file upload.txt (compact mmCIF, C-alpha atoms)
# COMPACT_ATOMS: atom_id res chain seq x y z
CA MET P 222 0.80 -59.34 -43.72
CA ARG P 223 -2.49 -58.79 -41.90
CA HIS P 224 -1.77 -61.73 -39.58
CA VAL P 225 1.60 -60.26 -38.67
CA LEU P 226 0.02 -56.90 -37.78
CA THR P 227 -2.64 -58.63 -35.70
CA LEU P 228 0.03 -60.61 -33.84
CA ILE P 229 2.08 -57.48 -33.17
CA GLY P 230 -1.02 -55.67 -31.94
CA SER P 231 -1.91 -58.42 -29.50
CA ILE P 232 1.65 -58.53 -28.19
CA LEU P 233 1.72 -54.78 -27.61
CA LYS P 234 -1.54 -54.91 -25.66
CA LEU P 235 -0.12 -57.49 -23.23
CA GLU P 236 -3.63 -58.65 -22.41
CA ALA P 237 -2.38 -61.19 -19.88
CA LEU P 238 -0.91 -58.36 -17.81
CA SER P 239 -3.85 -55.99 -18.17
CA GLY P 240 -4.17 -55.29 -14.45
CA ALA P 241 -0.45 -55.19 -13.71
CA ARG P 242 1.03 -53.05 -16.48
CA THR P 243 0.83 -49.84 -14.46
CA TYR P 244 2.43 -51.49 -11.45
CA ILE P 245 5.21 -52.94 -13.60
CA ALA P 246 5.91 -49.48 -15.01
CA ALA P 247 5.92 -47.99 -11.50
CA LEU P 248 8.30 -50.70 -10.32
CA GLY P 249 10.62 -49.95 -13.23
CA LEU P 250 10.60 -46.25 -12.40
CA ALA P 251 11.31 -47.01 -8.74
CA GLY P 252 14.27 -49.14 -9.81
CA LEU P 253 15.48 -46.34 -12.03
CA ALA P 254 15.19 -43.94 -9.10
CA ILE P 255 17.34 -46.23 -6.93
CA SER P 256 19.94 -46.46 -9.68
CA GLN P 257 19.97 -42.71 -10.18
CA PHE P 258 20.25 -42.11 -6.44
CA ALA P 259 23.18 -44.53 -6.22
CA THR P 260 25.03 -42.67 -8.97
CA GLY P 261 24.43 -39.28 -7.37
CA SER P 262 21.71 -37.97 -9.71
CA TYR P 263 19.47 -36.85 -6.88
CA ASP P 264 17.21 -34.57 -8.94
CA ALA P 265 16.58 -37.26 -11.54
CA ALA P 266 15.99 -39.83 -8.78
CA ALA P 267 13.38 -37.61 -7.15
CA THR P 268 11.65 -37.10 -10.51
CA SER P 269 11.58 -40.84 -11.22
CA LEU P 270 10.30 -41.65 -7.75
CA LEU P 271 7.52 -39.07 -8.00
CA ALA P 272 6.54 -40.45 -11.42
CA ALA P 273 6.35 -43.97 -9.94
CA LEU P 274 4.15 -42.74 -7.10
CA ALA P 275 1.93 -40.89 -9.57
CA LEU P 276 1.46 -44.06 -11.62
CA VAL P 277 0.37 -46.02 -8.59
CA GLY P 278 -1.99 -43.22 -7.59
CA LEU P 279 -3.49 -43.02 -11.06
CA HIS P 280 -4.01 -46.77 -11.19
CA ASP P 281 -5.80 -46.83 -7.85
CA ALA P 282 -7.97 -43.79 -8.59
CA LYS P 283 -11.58 -44.70 -9.19
CA PRO P 284 -13.39 -42.64 -11.82
CA THR P 285 -16.46 -40.82 -10.60
CA PRO P 286 -19.58 -41.21 -12.71
CA ALA P 287 -20.80 -38.17 -14.60
CA ALA P 288 -23.79 -36.44 -13.02

call {"tool": "encode", "arguments": {"input": "upload.txt", "output": "structure tokens"}}
result
Amino acid sequence: MRHVLTLIGSILKLEALSGARTYIAALGLAGLAISQFATGSYDAAATSLLAALALVGLHDAKPTPAA
């Protein structure tokens, strides 16, 4: 049972995609925004697009060291 939990934990971490997970999520949200825009859900599309832009901005933000 312990081996199964360890395997599930390593799969959920997606260590091979450690630097790209945020970008993949942002790309998914951008695709969702396009789909919502195409179906006429303009408010939802704007929300999804802003969330995608926020993800990219958060990923690129560099933390400042504590003084």

call {"tool": "atom_distance", "arguments": {"input": "upload.txt", "atom1": "atom CA of Thr285 of chain P", "atom2": "atom CA of Ser269 of chain P"}}
result
28.0 Å

call {"tool": "residues_around", "arguments": {"input": "upload.txt", "residues": "Leu248 of chain P", "least_positions_apart": "2", "cutoff": "10 Å", "atoms": "all atoms listed in the file", "output": "list in words"}}
result
Arg242, Thr243, Tyr244, Ile245, Ala246, Leu250, Ala251, Gly252, Leu253, Ala254, Leu270, Ala273, Leu274, Leu276 and Val277 of chain P

call {"tool": "atom_distance", "arguments": {"input": "upload.txt", "atom1": "atom CA of Tyr263 of chain P", "atom2": "atom CA of Ala241 of chain P"}}
result
27.9 Å

call {"tool": "atom_distance", "arguments": {"input": "upload.txt", "atom1": "atom CA of Pro286 of chain P", "atom2": "atom CA of Leu271 of chain P"}}
result
27.6 Å

call {"tool": "decode", "arguments": {"input": "upload.txt", "residues": "segment 255-284 of chain P", "atoms": "C-alpha atoms", "output": "compact mmCIF listing (two decimals), in the first residue's frame"}}
result
# COMPACT_ATOMS: atom_id res chain seq x y z
CA ILE P 255 -11.09 31.07 -26.65
CA SER P 256 -13.78 28.43 -26.32
CA GLN P 257 -15.88 30.63 -24.05
CA PHE P 258 -15.48 33.59 -26.40
CA ALA P 259 -16.57 31.46 -29.36
CA THR P 260 -19.74 30.40 -27.55
CA GLY P 261 -20.61 33.95 -26.54
CA SER P 262 -19.65 33.80 -22.85
CA TYR P 263 -17.68 37.03 -22.97
CA ASP P 264 -17.54 37.63 -19.20
CA ALA P 265 -16.28 34.12 -18.53
CA ALA P 266 -13.77 34.43 -21.38
CA ALA P 267 -12.38 37.64 -19.93
CA THR P 268 -12.07 36.02 -16.50
CA SER P 269 -10.26 32.98 -17.92
CA LEU P 270 -7.92 35.14 -19.98
CA LEU P 271 -7.05 37.33 -16.99
CA ALA P 272 -6.39 34.21 -14.90
CA ALA P 273 -4.04 32.89 -17.60
CA LEU P 274 -2.16 36.20 -17.69
CA ALA P 275 -1.93 36.21 -13.90
CA LEU P 276 -0.42 32.71 -13.92
CA VAL P 277 2.26 33.75 -16.37
CA GLY P 278 2.98 36.86 -14.33
CA LEU P 279 3.23 34.89 -11.12
CA HIS P 280 5.57 32.36 -12.69
CA ASP P 281 7.90 35.05 -13.99
CA ALA P 282 7.92 37.07 -10.77
CA LYS P 283 11.19 36.81 -8.91
CA PRO P 284 10.94 36.77 -5.12
